[in-house]
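One structure is given below, encoded as structure tokens.
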Amino acid sequence: MWWRRRPRWLRRLVLAGVFSSILLFVAGIAVIYAATRVPLPDEVKTAQTSIIYYGPPSAQQSTGAEMVRIGTVNRTDVPLAQVSKAMQHAALAAEDKRFYSEPGISPKGIARALYINLTGGDLQGGSTITQQYAKNAYLSQERTFTRKMREIVLAVKLDRKYSKDKILEFYLNTIYFGRNSYGIEAAAKAYFNTTAAQLTAEQGAVLAGLIRSPNYLDPAKNPGPAATRWHEVVATMAEQGWAPASITSTQPPPVIPKAEQNTAATSAQVAYIRDEVIRELKDAGITEDQINQDGLRITTTIDQSRQIASFQAVNQVLSRAYSAVPDLRTGLSAVEPGTGRILAWYGGSLYGKDAQGHEAYEDNVSGAQVQSASTFKTITLVAALQKNINLKSTFAAPAKAYLPGYVVENDESEGGDLGYKDLIQATAASINTVYVPLGQSIGVNNIISTARALGIRNKSDLKSEAGITLGKDTVFPIDMTSVYSVLASNGVRATPHIVDKVVDGSGQVIYNGAVQNPKQVIPAAVARDATYALQSVITDPSGTGHRAALAGGREAAGKTGTSTDFRSAWFCGYTKEIASCVDMFRGKGLVTDQLRGIPGAPDGVYGGTLPAQVWKAFMDAALQGVPKSTFDPPAFGGMVQDNAPPEPTPTMTAAPDSSQTGTGINLGDLFGGNGNGNGGVNNGAGGGGGGGTTGGQQQPGDNRGTRPRQTGIFVDPLPGG
């Protein structure tokens with residue numbers, strides 16, 4: 001009656017306005033429909049989490065356990081087949097129970113949108129799952145009439161273009177569930193530490209209930225409202241026959257606390273591995289955007305059990321030391337000889353900043369450059385063997401050796417002149433006064449080229465000076481591990497790598513780290529001879545690395561290293577199965593950062609002490625259950641050089657005439673001087689000369705020798721190797 005009492009002109013005007021609005025609305029929809037193109041799902045770039053895995057524990061598995069996730073958005077897309085039916089039903093119960101029987105739009109939702117537009121109210125969200133997906137995937141979150149119309153049009157087109165299953169898959173991979181988790185797979189991990197495929201009906205109802213208000217309905221934040229919403233979802237599930245009626249009388253399942261999420265990312269060792277993985281991928285041409293957003297599945301070469309062994313070995317030996325000396329730094333890397341697969345990686349005990357304000361980000365394996373000390377003697381040994389010098393060759397081992405610009409000394413504990421030693425003995429005892437002159441005699445450039453061939457990259461500046469043999473130049477520890485792995489594989493070098501395989505979001509392999517090109521860089525006979533000498537470092541009672549002897553008498557070879565002023569200490573060694581290096585230093589490794597006052601080695605850390613102990617602890621654990629292997633026998637290649645003076649032969653000849661002169665054995669040449677026999681007495685500059693001769697008979701020489709004044713750099717002794 002009220003309407004009929006209005007003037008006819010007013011009624012006609014109102015009806016005309018309503019009719020015009022409907023026409024305009026329909027026309028607008030038609031225009032938007034014609035102008036709107038539905039992008040393909042592949043064109044809709046949804047950022048996904050990339051996951052780093054340990055290496056597969058067996059040949060039957062493609063990956064090992066998950067190590068850490070990286071990326072700006074925590075999302076992992078999965079096909080609908082990998083989402084449990086219970087979870088699918090929970091989502092339908094919570095958001096759109098008629099999804100499979102009705103079109104992609106809600107007529108009520110359209111009418112509500114039109115009414116709100118006419119009355120100037122605030123637009124509300126879409127009602128159907130298809131509309132929600134259209135809004136989340138293709139549109140902004142602004143609440144405007146135009147955006148709402150585009151949402152409706154997209155929903156209609158999506159419903160015509162894709163099956164219901166496909167739209168539900170898109171939806172479940174797109175929506176936000178709180179706890180920085182986008183998509184159902186990330187949500188399953190964040191709330192229940194499981195996968196979408198394993199979600200139960202009860203768990204699914206928790207996650208589906210979150211969709212309406214993810215942060216507010218998190219059970220850990222607001223258990224009361226979350227429980228109410230959970231009961232609403234399970235009641236609808238029971239009503240639709242998607243869950244037993246008894247489910248409504250139960251309680252929501254507990255979710256894991258948010259604080260426990262991504263605990264692996266807090267591990268310093270995992271953080272350093274993650275950074276190394278990213279570096280390797282970038283070097284392979286994979287961009288940072290791909291790594292952070294493309295949902296890559298990255299399988300590393302890291303053996304989880306051996307990674308644990310590296311962590312335990314450092315803690316077992318150095319826990320007291322780290323407590324007392326916070327700036328103590330240790331690196332450990334292990335490589336599979338012949339393949340270059342990195343099996344374990346200990347980049348440091350701290351990543352980031354601790355509660356006491358100590359801070360560290362530099363990797364002690366690949367980032368730090370450390371003086372290699374006497375572990376570098378191994379490279380000089382290989383260079384000498386390649387110059388046709390036999391292991392049984394003997395060399396003078398004086399207390400001091402004089403070279404142009406250098407005075408080289410042995411460890412003061414050696415007690416002066418050591419006489420003459422062959423290369424095996426000189427290696428076992430790490431005798432500086434044998435090795436530095438030897439390096440000078442074969443040529444420093446030959447040592448540098450050998451170092452490059454064995455794996456010391458150009459990033460390390462090796463100076464063409466006699467002191468190179470003493471490891472005074474800094475190197476990256478992973479490069480030294482490469483050097484020793486070459487010897488373990490009888491001269492075959494494979495570039496160390498930490499990434500085994502990378503699969504992108506579509507399942508395509510985009511990088512295969514296993515495709516290396518192993519190369520024979522030194523003769524196998526040379527590697528075998530070097531190994532034989534390096535075994536003596538461990539097996540000889542006077543060897544500098546006797547503390548590294550492995551359990552059960554397992555064969556191993558290795559070398560200690562202790563740099564001047566205790567700036568660094570090393571142990572590098574190998575069996576046929578694993579080559580590994582342990583490096584230790586303090587702070588920035590400067591001359592003022594000395595490894596002194598360390599619990600377990602208060603007077604200074606030698607390579608044969610704490611580093612050797614860490615190496616042994618790691619290798620014993622890493623090789624547990626692996627059958628013992630033996631090295632190939634030495635070849636003893638090259639020519640034996642006997643530089644020792646011959647034993648004097650007693651004679652009955654008359655006393656020598658002081659007017660005669662003889663030529664002595666020129667051992668002084670080895671140290672840069674000349675041996676001159678004069679009247680049977682040899683004054684050798686730079687070292688003892690041989691005996692003079694009188695009347696053609698050999699007489700013992702005076703091995704005291706005069707030492708010329710030296711200028712230039714003084715190389716301190718390297719105690720303990």
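Identifiers in the structure tokens: chain A, B, ... in order shown; residue index from 1 per chain; ligand index from 1 in order shown.
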
Helix (DSSP H, G or I) per DSSP on the backbone: members of region 321-362 of chain A, as a PyMOL selection string: chain A and resi 321-324

I need the chosen residues saved as an mmCIF file, in the first residue's frame, with N, CA and C atoms.
```cif
data_model
loop_
_atom_site.group_PDB
_atom_site.id
_atom_site.type_symbol
_atom_site.label_atom_id
_atom_site.label_comp_id
_atom_site.auth_asym_id
_atom_site.auth_seq_id
_atom_site.Cartn_x
_atom_site.Cartn_y
_atom_site.Cartn_z
ATOM 1 N N ALA A 321 87.600 -26.036 24.652
ATOM 2 C CA ALA A 321 88.357 -24.972 23.991
ATOM 3 C C ALA A 321 87.434 -23.849 23.534
ATOM 4 N N TYR A 322 86.283 -24.194 22.978
ATOM 5 C CA TYR A 322 85.349 -23.169 22.506
ATOM 6 C C TYR A 322 84.751 -22.380 23.671
ATOM 7 N N SER A 323 84.543 -23.034 24.782
ATOM 8 C CA SER A 323 83.996 -22.332 25.943
ATOM 9 C C SER A 323 84.982 -21.292 26.465
ATOM 10 N N ALA A 324 86.268 -21.634 26.409
ATOM 11 C CA ALA A 324 87.287 -20.732 26.938
ATOM 12 C C ALA A 324 87.741 -19.688 25.932
#
```

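Minimum atom-to-atom distance to Ser372 (chain A), evaluated using only C-alpha atoms, belongs to A:Ser568 out of A:Ser393, A:Asn445, A:Thr248, A:Ser568.
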
Pick from A:Val153, A:Ala557, A:Ala238, A:Val526 nearest to Tyr574 (chain A), counting only C-alpha atoms: A:Ala557

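Using only C-alpha atoms, the shortest contact distance between Tyr532 (chain A) and any of A:Ser21, A:Thr575, A:Ser580, A:Thr174 is found at A:Thr575.
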